[in-house]
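Chemist: Before I ask anything, here is the structure I am working with.
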Amino acid sequence: METIPEIEKQITPPPTERLAYSVQESADMLGINYFTMYRLIQRQKIKTCRVLRGKLLVPRTELFKLLETDLK
């Protein structure tokens, strides 16, 4: 039988891996300008989540998809 700490390790991601990033953080990670990132969001090349007070977050999976595909 597994103990509770072992189960929690399986469920929660490591602290260095976040599930979503701000628009600025996403742009920095991709090496592009904030406004370029925002244009990609407006053109629906990247899906975002809206959280408290209307802040946009970019899911980590969307960043991976963007890196795998062409931006055309």
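Letters A, B, ... mark the chains of the structure tokens in the order given; residue numbers begin at 1 per chain; ligand numbers begin at 1, in order shown.
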Give me the residues near A:Thr36 as a list in words, where near means some atom within 12 Å (using only C-alpha atoms) and where sequence neighbours in that chain fewer than 3 positions away do not count.
Modeler: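 What passes the distance filter is Val23, Gln24, Ser26, Ala27, Asp28, Leu30, Gly31, Ile32, Asn33, Arg39, Leu40, Ile41, Gln42, Arg43, Lys45, Ile46 and Leu71 of chain A.
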Chemist: List every residue of stretch 32-71 of chain A that DSSP, applied to the backbone, labels as strand (DSSP E or B), and write the result as a list in words.
Modeler: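 Going through stretch 32-71 of chain A, the strand (DSSP E or B) residues come out as Cys49, Arg50, Leu56, Leu57, Val58 and Pro59 of chain A.
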Chemist: Write to file, as an mmCIF file, in the first residue's frame, the residues of the selection just made, with N, CA and C atoms.
Modeler:
```cif
data_model
loop_
_atom_site.group_PDB
_atom_site.id
_atom_site.type_symbol
_atom_site.label_atom_id
_atom_site.label_comp_id
_atom_site.auth_asym_id
_atom_site.auth_seq_id
_atom_site.Cartn_x
_atom_site.Cartn_y
_atom_site.Cartn_z
ATOM 1 N N CYS A 49 -6.454 31.229 -20.948
ATOM 2 C CA CYS A 49 -7.449 31.115 -19.884
ATOM 3 C C CYS A 49 -7.542 32.475 -19.198
ATOM 4 N N ARG A 50 -8.742 32.870 -18.867
ATOM 5 C CA ARG A 50 -8.919 34.106 -18.124
ATOM 6 C C ARG A 50 -9.124 33.756 -16.656
ATOM 7 N N LEU A 56 -4.893 37.182 -18.292
ATOM 8 C CA LEU A 56 -4.749 36.081 -19.232
ATOM 9 C C LEU A 56 -3.594 35.177 -18.826
ATOM 10 N N LEU A 57 -3.824 33.892 -18.890
ATOM 11 C CA LEU A 57 -2.761 32.915 -18.665
ATOM 12 C C LEU A 57 -2.674 32.003 -19.878
ATOM 13 N N VAL A 58 -1.462 31.667 -20.255
ATOM 14 C CA VAL A 58 -1.222 30.780 -21.388
ATOM 15 C C VAL A 58 -0.858 29.398 -20.835
ATOM 16 N N PRO A 59 -1.666 28.383 -21.137
ATOM 17 C CA PRO A 59 -1.340 27.040 -20.656
ATOM 18 C C PRO A 59 -0.021 26.532 -21.245
#
```
Chemist: In Å to one decimal, how far is atom CA of A:Glu25 from atom CA of A:Arg53?
Modeler: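 Answer for the atom CA of A:Arg53 to atom CA of A:Glu25 separation: 18.0 Å.
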Chemist: Between atom CA of A:Leu67 and atom CA of A:Met37, what is the spacing in Å?
Modeler: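 Interatomic distance, atom CA of A:Met37 to atom CA of A:Leu67: 12.9 Å.
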Chemist: Rounded to one decimal in Å, what is the spacing between atom CA of A:Thr61 and atom CA of A:Tyr34?
Modeler: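 If I compute the distance from atom CA of A:Thr61 to atom CA of A:Tyr34, I get 18.8 Å.
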